[in-house]
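Colleague: Just passing along the structure, written as structure tokens.
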Amino acid sequence: MDQFANAGAGVLVGEIARVIVENRAYLSEIDGKIGDGDHGVNMAKGFGRAAEKLDGSESLDAAMSVLSDVLMNEIGGSMGPLYGMMFLGMAEIIEEAEQVDAALFGEMLKNGLDEVKDIGSAEVGDKTLLDAYSPAVDAYKSAIGDGKPMAEALDAMRAAAEAGRDSTVDMVAKVGRASRLGERSRGVLDAGATSCSLILAALAEGVKRRLDG
């Protein structure tokens, strides 16, 4: 069965953090076109600080819990709480699990999505991180439901997240600061959808390397 050990998988959070830090300038550049331009700075600060608190030996749920705490308590803006609750929701599902198999990973993704929806007012199509995250979860669960190997489902998740990110170019922002621009928010990628696609891509690649099935 496709699965990976929860113990020691906290290193994946460090890998995600590296990707976010590396893309700090890019994310802020995107955000600056229709927002306040600090998305990359805040994200890099939060993920970077969390990575500094981890030594790589933690379980995935423990590392995600540390990341959640840092994001919710140590960075500003609206994205801290959203991503903080996303990772907390993920951690809750795999807590105490020795192995994370394909089905449990899907539930982990889904619970993270539910937490984001619960604390935010956005829906798919509003030009937010949900436009990358929601189709990614659907694609993953559909692939697993069709009997595809977990690695293929992870590839489908990544592809759907990136397609969702790209779809935000043609959207008008409905929530947040960018919503004040109305039609002028069209034609630009959403920074949250972009960072979400980076997170999911890094997670997918990291999990694929750890699969033992």
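Here, A, B, ... name the chains of the structure tokens in the order displayed, residue numbers run from 1 inside each chain, and ligands are numbered from 1 in the same displayed order.
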From the DSSP assignment of the backbone, select every residue of chain A that is strand (DSSP E), and format the answer as a ChimeraX atom specification.
Modeller: /A:3-5,99-101
Colleague: Please, could you write that set of residues out with N, CA and C atoms as a CSV table (one decimal), in the first residue's frame?
Modeller:
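again_20.csv, freshly written:
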chain,number,residue,atom,x,y,z
A,3,GLN,N,2.1,4.5,1.2
A,3,GLN,CA,2.1,5.1,2.5
A,3,GLN,C,3.5,5.6,2.9
A,4,PHE,N,3.5,6.5,3.9
A,4,PHE,CA,4.8,6.9,4.4
A,4,PHE,C,4.7,7.0,5.9
A,5,ALA,N,5.9,6.9,6.6
A,5,ALA,CA,5.9,7.0,8.0
A,5,ALA,C,5.7,8.4,8.5
A,99,GLN,N,1.5,5.5,10.3
A,99,GLN,CA,1.6,5.5,8.8
A,99,GLN,C,0.6,6.4,8.3
A,100,VAL,N,0.9,7.2,7.2
A,100,VAL,CA,-0.1,8.0,6.5
A,100,VAL,C,-0.2,7.4,5.2
A,101,ASP,N,-1.4,6.7,5.0
A,101,ASP,CA,-1.6,6.1,3.7
A,101,ASP,C,-2.4,7.1,2.8
Colleague: Which parts of stretch 49-157 of chain A does DSSP call helix (DSSP H, G or I) when run on the backbone here, written out as an mmCIF file with N, CA and C atoms, in the first residue's frame?
Modeller:
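The result, stored in out_20.cif:
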data_model
loop_
_atom_site.group_PDB
_atom_site.id
_atom_site.type_symbol
_atom_site.label_atom_id
_atom_site.label_comp_id
_atom_site.auth_asym_id
_atom_site.auth_seq_id
_atom_site.Cartn_x
_atom_site.Cartn_y
_atom_site.Cartn_z
ATOM 1 N N ARG A 49 10.643 31.147 10.425
ATOM 2 C CA ARG A 49 10.723 31.022 11.884
ATOM 3 C C ARG A 49 10.330 29.621 12.335
ATOM 4 N N ALA A 50 9.300 29.070 11.709
ATOM 5 C CA ALA A 50 8.874 27.718 12.068
ATOM 6 C C ALA A 50 9.986 26.722 11.781
ATOM 7 N N ALA A 51 10.624 26.858 10.620
ATOM 8 C CA ALA A 51 11.700 25.941 10.253
ATOM 9 C C ALA A 51 12.839 25.995 11.269
ATOM 10 N N GLU A 52 13.106 27.172 11.809
ATOM 11 C CA GLU A 52 14.173 27.324 12.791
ATOM 12 C C GLU A 52 13.852 26.594 14.100
ATOM 13 N N LYS A 53 12.581 26.372 14.359
ATOM 14 C CA LYS A 53 12.156 25.690 15.583
ATOM 15 C C LYS A 53 12.170 24.169 15.430
ATOM 16 N N LEU A 60 5.193 14.446 11.165
ATOM 17 C CA LEU A 60 4.603 15.457 10.303
ATOM 18 C C LEU A 60 3.552 16.272 11.044
ATOM 19 N N ASP A 61 2.743 15.614 11.850
ATOM 20 C CA ASP A 61 1.705 16.368 12.566
ATOM 21 C C ASP A 61 2.321 17.328 13.587
ATOM 22 N N ALA A 62 3.391 16.909 14.255
ATOM 23 C CA ALA A 62 4.040 17.782 15.232
ATOM 24 C C ALA A 62 4.644 19.000 14.546
ATOM 25 N N ALA A 63 5.297 18.790 13.407
ATOM 26 C CA ALA A 63 5.912 19.904 12.680
ATOM 27 C C ALA A 63 4.852 20.854 12.148
ATOM 28 N N MET A 64 3.747 20.298 11.662
ATOM 29 C CA MET A 64 2.655 21.143 11.162
ATOM 30 C C MET A 64 2.038 21.948 12.296
ATOM 31 N N SER A 65 1.976 21.381 13.481
ATOM 32 C CA SER A 65 1.436 22.098 14.632
ATOM 33 C C SER A 65 2.328 23.274 15.013
ATOM 34 N N VAL A 66 3.643 23.070 14.946
ATOM 35 C CA VAL A 66 4.579 24.157 15.213
ATOM 36 C C VAL A 66 4.411 25.262 14.176
ATOM 37 N N LEU A 67 4.320 24.876 12.917
ATOM 38 C CA LEU A 67 4.128 25.850 11.847
ATOM 39 C C LEU A 67 2.833 26.621 12.051
ATOM 40 N N SER A 68 1.772 25.917 12.392
ATOM 41 C CA SER A 68 0.478 26.560 12.633
ATOM 42 C C SER A 68 0.572 27.604 13.733
ATOM 43 N N ASP A 69 1.225 27.240 14.821
ATOM 44 C CA ASP A 69 1.350 28.163 15.959
ATOM 45 C C ASP A 69 2.104 29.425 15.563
ATOM 46 N N VAL A 70 3.185 29.269 14.823
ATOM 47 C CA VAL A 70 3.974 30.429 14.394
ATOM 48 C C VAL A 70 3.151 31.308 13.459
ATOM 49 N N LEU A 71 2.481 30.701 12.495
ATOM 50 C CA LEU A 71 1.716 31.477 11.521
ATOM 51 C C LEU A 71 0.583 32.264 12.179
ATOM 52 N N MET A 72 -0.047 31.675 13.175
ATOM 53 C CA MET A 72 -1.191 32.342 13.803
ATOM 54 C C MET A 72 -0.778 33.383 14.831
ATOM 55 N N ASN A 73 0.421 33.249 15.378
ATOM 56 C CA ASN A 73 0.812 34.121 16.479
ATOM 57 C C ASN A 73 1.972 35.068 16.201
ATOM 58 N N GLU A 74 2.706 34.841 15.125
ATOM 59 C CA GLU A 74 3.925 35.623 14.938
ATOM 60 C C GLU A 74 3.997 36.394 13.628
ATOM 61 N N MET A 79 -3.251 36.197 5.997
ATOM 62 C CA MET A 79 -2.837 34.860 5.597
ATOM 63 C C MET A 79 -2.309 34.027 6.750
ATOM 64 N N GLY A 80 -1.787 34.656 7.790
ATOM 65 C CA GLY A 80 -1.290 33.902 8.930
ATOM 66 C C GLY A 80 -2.349 32.993 9.532
ATOM 67 N N PRO A 81 -3.497 33.557 9.924
ATOM 68 C CA PRO A 81 -4.558 32.715 10.474
ATOM 69 C C PRO A 81 -5.086 31.682 9.496
ATOM 70 N N LEU A 82 -5.207 32.054 8.220
ATOM 71 C CA LEU A 82 -5.734 31.110 7.228
ATOM 72 C C LEU A 82 -4.813 29.904 7.069
ATOM 73 N N TYR A 83 -3.540 30.171 6.844
ATOM 74 C CA TYR A 83 -2.604 29.060 6.715
ATOM 75 C C TYR A 83 -2.371 28.367 8.049
ATOM 76 N N GLY A 84 -2.425 29.123 9.125
ATOM 77 C CA GLY A 84 -2.274 28.511 10.438
ATOM 78 C C GLY A 84 -3.354 27.482 10.708
ATOM 79 N N MET A 85 -4.583 27.830 10.409
ATOM 80 C CA MET A 85 -5.681 26.893 10.613
ATOM 81 C C MET A 85 -5.632 25.748 9.606
ATOM 82 N N MET A 86 -5.149 26.022 8.407
ATOM 83 C CA MET A 86 -5.016 24.962 7.410
ATOM 84 C C MET A 86 -4.082 23.866 7.915
ATOM 85 N N PHE A 87 -2.913 24.275 8.396
ATOM 86 C CA PHE A 87 -1.944 23.279 8.868
ATOM 87 C C PHE A 87 -2.384 22.631 10.183
ATOM 88 N N LEU A 88 -3.095 23.370 11.016
ATOM 89 C CA LEU A 88 -3.632 22.766 12.236
ATOM 90 C C LEU A 88 -4.662 21.695 11.886
ATOM 91 N N GLY A 89 -5.513 22.006 10.910
ATOM 92 C CA GLY A 89 -6.503 21.026 10.470
ATOM 93 C C GLY A 89 -5.848 19.778 9.905
ATOM 94 N N MET A 90 -4.789 19.960 9.152
ATOM 95 C CA MET A 90 -4.059 18.809 8.622
ATOM 96 C C MET A 90 -3.466 17.975 9.755
ATOM 97 N N ALA A 91 -2.829 18.660 10.710
ATOM 98 C CA ALA A 91 -2.158 17.955 11.811
ATOM 99 C C ALA A 91 -3.134 17.120 12.630
ATOM 100 N N GLU A 92 -4.322 17.646 12.842
ATOM 101 C CA GLU A 92 -5.308 16.943 13.675
ATOM 102 C C GLU A 92 -5.666 15.574 13.101
ATOM 103 N N ILE A 93 -5.704 15.472 11.797
ATOM 104 C CA ILE A 93 -6.127 14.220 11.169
ATOM 105 C C ILE A 93 -5.080 13.121 11.290
ATOM 106 N N ILE A 94 -3.809 13.488 11.231
ATOM 107 C CA ILE A 94 -2.766 12.455 11.248
ATOM 108 C C ILE A 94 -2.102 12.305 12.614
ATOM 109 N N ALA A 102 -2.734 6.623 1.568
ATOM 110 C CA ALA A 102 -3.360 7.487 0.568
ATOM 111 C C ALA A 102 -4.677 8.065 1.048
ATOM 112 N N ALA A 103 -5.490 7.223 1.681
ATOM 113 C CA ALA A 103 -6.799 7.681 2.141
ATOM 114 C C ALA A 103 -6.662 8.694 3.271
ATOM 115 N N LEU A 104 -5.782 8.417 4.227
ATOM 116 C CA LEU A 104 -5.607 9.323 5.362
ATOM 117 C C LEU A 104 -5.032 10.661 4.900
ATOM 118 N N PHE A 105 -4.137 10.615 3.931
ATOM 119 C CA PHE A 105 -3.582 11.851 3.393
ATOM 120 C C PHE A 105 -4.682 12.698 2.754
ATOM 121 N N GLY A 106 -5.596 12.043 2.075
ATOM 122 C CA GLY A 106 -6.717 12.764 1.479
ATOM 123 C C GLY A 106 -7.592 13.429 2.531
ATOM 124 N N GLU A 107 -7.823 12.720 3.640
ATOM 125 C CA GLU A 107 -8.603 13.312 4.723
ATOM 126 C C GLU A 107 -7.851 14.470 5.375
ATOM 127 N N MET A 108 -6.534 14.344 5.445
ATOM 128 C CA MET A 108 -5.701 15.422 5.974
ATOM 129 C C MET A 108 -5.860 16.681 5.130
ATOM 130 N N LEU A 109 -5.765 16.524 3.817
ATOM 131 C CA LEU A 109 -5.942 17.658 2.912
ATOM 132 C C LEU A 109 -7.324 18.281 3.069
ATOM 133 N N LYS A 110 -8.321 17.420 3.130
ATOM 134 C CA LYS A 110 -9.708 17.895 3.197
ATOM 135 C C LYS A 110 -9.975 18.653 4.491
ATOM 136 N N ASN A 111 -9.435 18.173 5.600
ATOM 137 C CA ASN A 111 -9.679 18.859 6.870
ATOM 138 C C ASN A 111 -8.989 20.218 6.891
ATOM 139 N N GLY A 112 -7.825 20.309 6.285
ATOM 140 C CA GLY A 112 -7.164 21.606 6.160
ATOM 141 C C GLY A 112 -8.005 22.575 5.352
ATOM 142 N N LEU A 113 -8.582 22.075 4.271
ATOM 143 C CA LEU A 113 -9.458 22.900 3.434
ATOM 144 C C LEU A 113 -10.686 23.357 4.211
ATOM 145 N N ASP A 114 -11.274 22.451 4.964
ATOM 146 C CA ASP A 114 -12.470 22.797 5.747
ATOM 147 C C ASP A 114 -12.168 23.894 6.764
ATOM 148 N N GLU A 115 -10.993 23.830 7.374
ATOM 149 C CA GLU A 115 -10.621 24.851 8.363
ATOM 150 C C GLU A 115 -10.480 26.222 7.705
ATOM 151 N N VAL A 116 -9.895 26.256 6.514
ATOM 152 C CA VAL A 116 -9.761 27.525 5.796
ATOM 153 C C VAL A 116 -11.146 28.094 5.469
ATOM 154 N N LYS A 117 -12.033 27.237 5.022
ATOM 155 C CA LYS A 117 -13.378 27.685 4.685
ATOM 156 C C LYS A 117 -14.135 28.179 5.919
ATOM 157 N N ASP A 118 -13.896 27.528 7.051
ATOM 158 C CA ASP A 118 -14.629 27.874 8.271
ATOM 159 C C ASP A 118 -14.278 29.260 8.796
ATOM 160 N N ILE A 119 -13.015 29.673 8.653
ATOM 161 C CA ILE A 119 -12.633 30.966 9.228
ATOM 162 C C ILE A 119 -12.650 32.098 8.209
ATOM 163 N N LEU A 130 -8.194 29.491 -2.097
ATOM 164 C CA LEU A 130 -9.135 28.395 -2.324
ATOM 165 C C LEU A 130 -9.179 27.966 -3.784
ATOM 166 N N ASP A 131 -8.870 28.885 -4.681
ATOM 167 C CA ASP A 131 -8.909 28.555 -6.099
ATOM 168 C C ASP A 131 -7.795 27.600 -6.501
ATOM 169 N N ALA A 132 -6.761 27.509 -5.697
ATOM 170 C CA ALA A 132 -5.722 26.503 -5.898
ATOM 171 C C ALA A 132 -5.970 25.280 -5.019
ATOM 172 N N TYR A 133 -6.367 25.511 -3.787
ATOM 173 C CA TYR A 133 -6.464 24.429 -2.800
ATOM 174 C C TYR A 133 -7.651 23.499 -3.055
ATOM 175 N N SER A 134 -8.823 24.063 -3.295
ATOM 176 C CA SER A 134 -10.017 23.236 -3.449
ATOM 177 C C SER A 134 -9.925 22.269 -4.633
ATOM 178 N N PRO A 135 -9.556 22.729 -5.834
ATOM 179 C CA PRO A 135 -9.436 21.774 -6.939
ATOM 180 C C PRO A 135 -8.322 20.760 -6.736
ATOM 181 N N ALA A 136 -7.286 21.149 -5.978
ATOM 182 C CA ALA A 136 -6.197 20.216 -5.698
ATOM 183 C C ALA A 136 -6.685 19.048 -4.844
ATOM 184 N N VAL A 137 -7.486 19.365 -3.837
ATOM 185 C CA VAL A 137 -8.045 18.307 -2.984
ATOM 186 C C VAL A 137 -8.975 17.416 -3.801
ATOM 187 N N ASP A 138 -9.809 18.028 -4.610
ATOM 188 C CA ASP A 138 -10.734 17.249 -5.444
ATOM 189 C C ASP A 138 -9.982 16.327 -6.396
ATOM 190 N N ALA A 139 -8.922 16.841 -6.998
ATOM 191 C CA ALA A 139 -8.149 16.043 -7.958
ATOM 192 C C ALA A 139 -7.469 14.863 -7.272
ATOM 193 N N TYR A 140 -6.919 15.115 -6.094
ATOM 194 C CA TYR A 140 -6.262 14.037 -5.355
ATOM 195 C C TYR A 140 -7.258 12.943 -4.991
ATOM 196 N N LYS A 141 -8.366 13.347 -4.388
ATOM 197 C CA LYS A 141 -9.343 12.361 -3.923
ATOM 198 C C LYS A 141 -9.980 11.623 -5.099
ATOM 199 N N SER A 142 -10.164 12.303 -6.219
ATOM 200 C CA SER A 142 -10.719 11.649 -7.401
ATOM 201 C C SER A 142 -9.762 10.598 -7.936
ATOM 202 N N ALA A 143 -8.481 10.942 -7.959
ATOM 203 C CA ALA A 143 -7.484 9.988 -8.451
ATOM 204 C C ALA A 143 -7.415 8.754 -7.560
ATOM 205 N N ILE A 144 -7.427 8.959 -6.256
ATOM 206 C CA ILE A 144 -7.410 7.818 -5.328
ATOM 207 C C ILE A 144 -8.691 6.995 -5.488
ATOM 208 N N GLY A 145 -9.813 7.682 -5.636
ATOM 209 C CA GLY A 145 -11.087 6.985 -5.830
ATOM 210 C C GLY A 145 -11.109 6.144 -7.089
ATOM 211 N N MET A 150 -0.752 6.428 -5.220
ATOM 212 C CA MET A 150 -0.668 7.688 -4.490
ATOM 213 C C MET A 150 0.234 8.686 -5.204
ATOM 214 N N ALA A 151 1.315 8.219 -5.807
ATOM 215 C CA ALA A 151 2.221 9.134 -6.506
ATOM 216 C C ALA A 151 1.503 9.844 -7.643
ATOM 217 N N GLU A 152 0.670 9.120 -8.377
ATOM 218 C CA GLU A 152 -0.087 9.738 -9.467
ATOM 219 C C GLU A 152 -1.121 10.712 -8.923
ATOM 220 N N ALA A 153 -1.723 10.370 -7.792
ATOM 221 C CA ALA A 153 -2.698 11.269 -7.177
ATOM 222 C C ALA A 153 -2.026 12.559 -6.716
ATOM 223 N N LEU A 154 -0.812 12.443 -6.214
ATOM 224 C CA LEU A 154 -0.059 13.631 -5.797
ATOM 225 C C LEU A 154 0.285 14.510 -7.000
ATOM 226 N N ASP A 155 0.612 13.870 -8.115
ATOM 227 C CA ASP A 155 0.868 14.633 -9.336
ATOM 228 C C ASP A 155 -0.398 15.358 -9.791
ATOM 229 N N ALA A 156 -1.529 14.692 -9.672
ATOM 230 C CA ALA A 156 -2.809 15.303 -10.053
ATOM 231 C C ALA A 156 -3.130 16.480 -9.132
ATOM 232 N N MET A 157 -2.821 16.318 -7.849
ATOM 233 C CA MET A 157 -3.032 17.396 -6.883
ATOM 234 C C MET A 157 -2.199 18.615 -7.257
#
Colleague: If you measure from atom CA of A:Ala9 to atom CA of A:Leu27, what distance in Å do you get, rounded to one decimal?
Modeller: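 Between atom CA of A:Ala9 and atom CA of A:Leu27 the gap is 26.3 Å.
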Colleague: For the atom pair atom CA of A:Asp36 and atom CA of A:Ile75, what is the interatomic distance in Å to one decimal place?
Modeller: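 Interatomic distance, atom CA of A:Asp36 to atom CA of A:Ile75: 14.8 Å.
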Colleague: Nearest to A:Val13: which of A:Asn42, A:Ser167, A:Ser195, A:Ser57 is it, counting only C-alpha atoms?
Modeller: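 Closest candidate: A:Ser57.
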Colleague: Between atom CA of A:Lys33 and atom CA of A:Gly14, what is the distance in Å, rounded to a tenth?
Modeller: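 One can read the atom CA of A:Lys33 to atom CA of A:Gly14 distance as 28.7 Å.
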Colleague: Would you kindly return, as a ChimeraX atom specification, each protein, DNA or RNA residue with an atom no farther than 12 Å from any atom of A:Ala191, considering only C-alpha atoms and excluding same-chain residues fewer than 3 positions away?
Modeller: /A:20,23-43,79,127-132,165-166,168-169,173,176,178,185,188,194-198
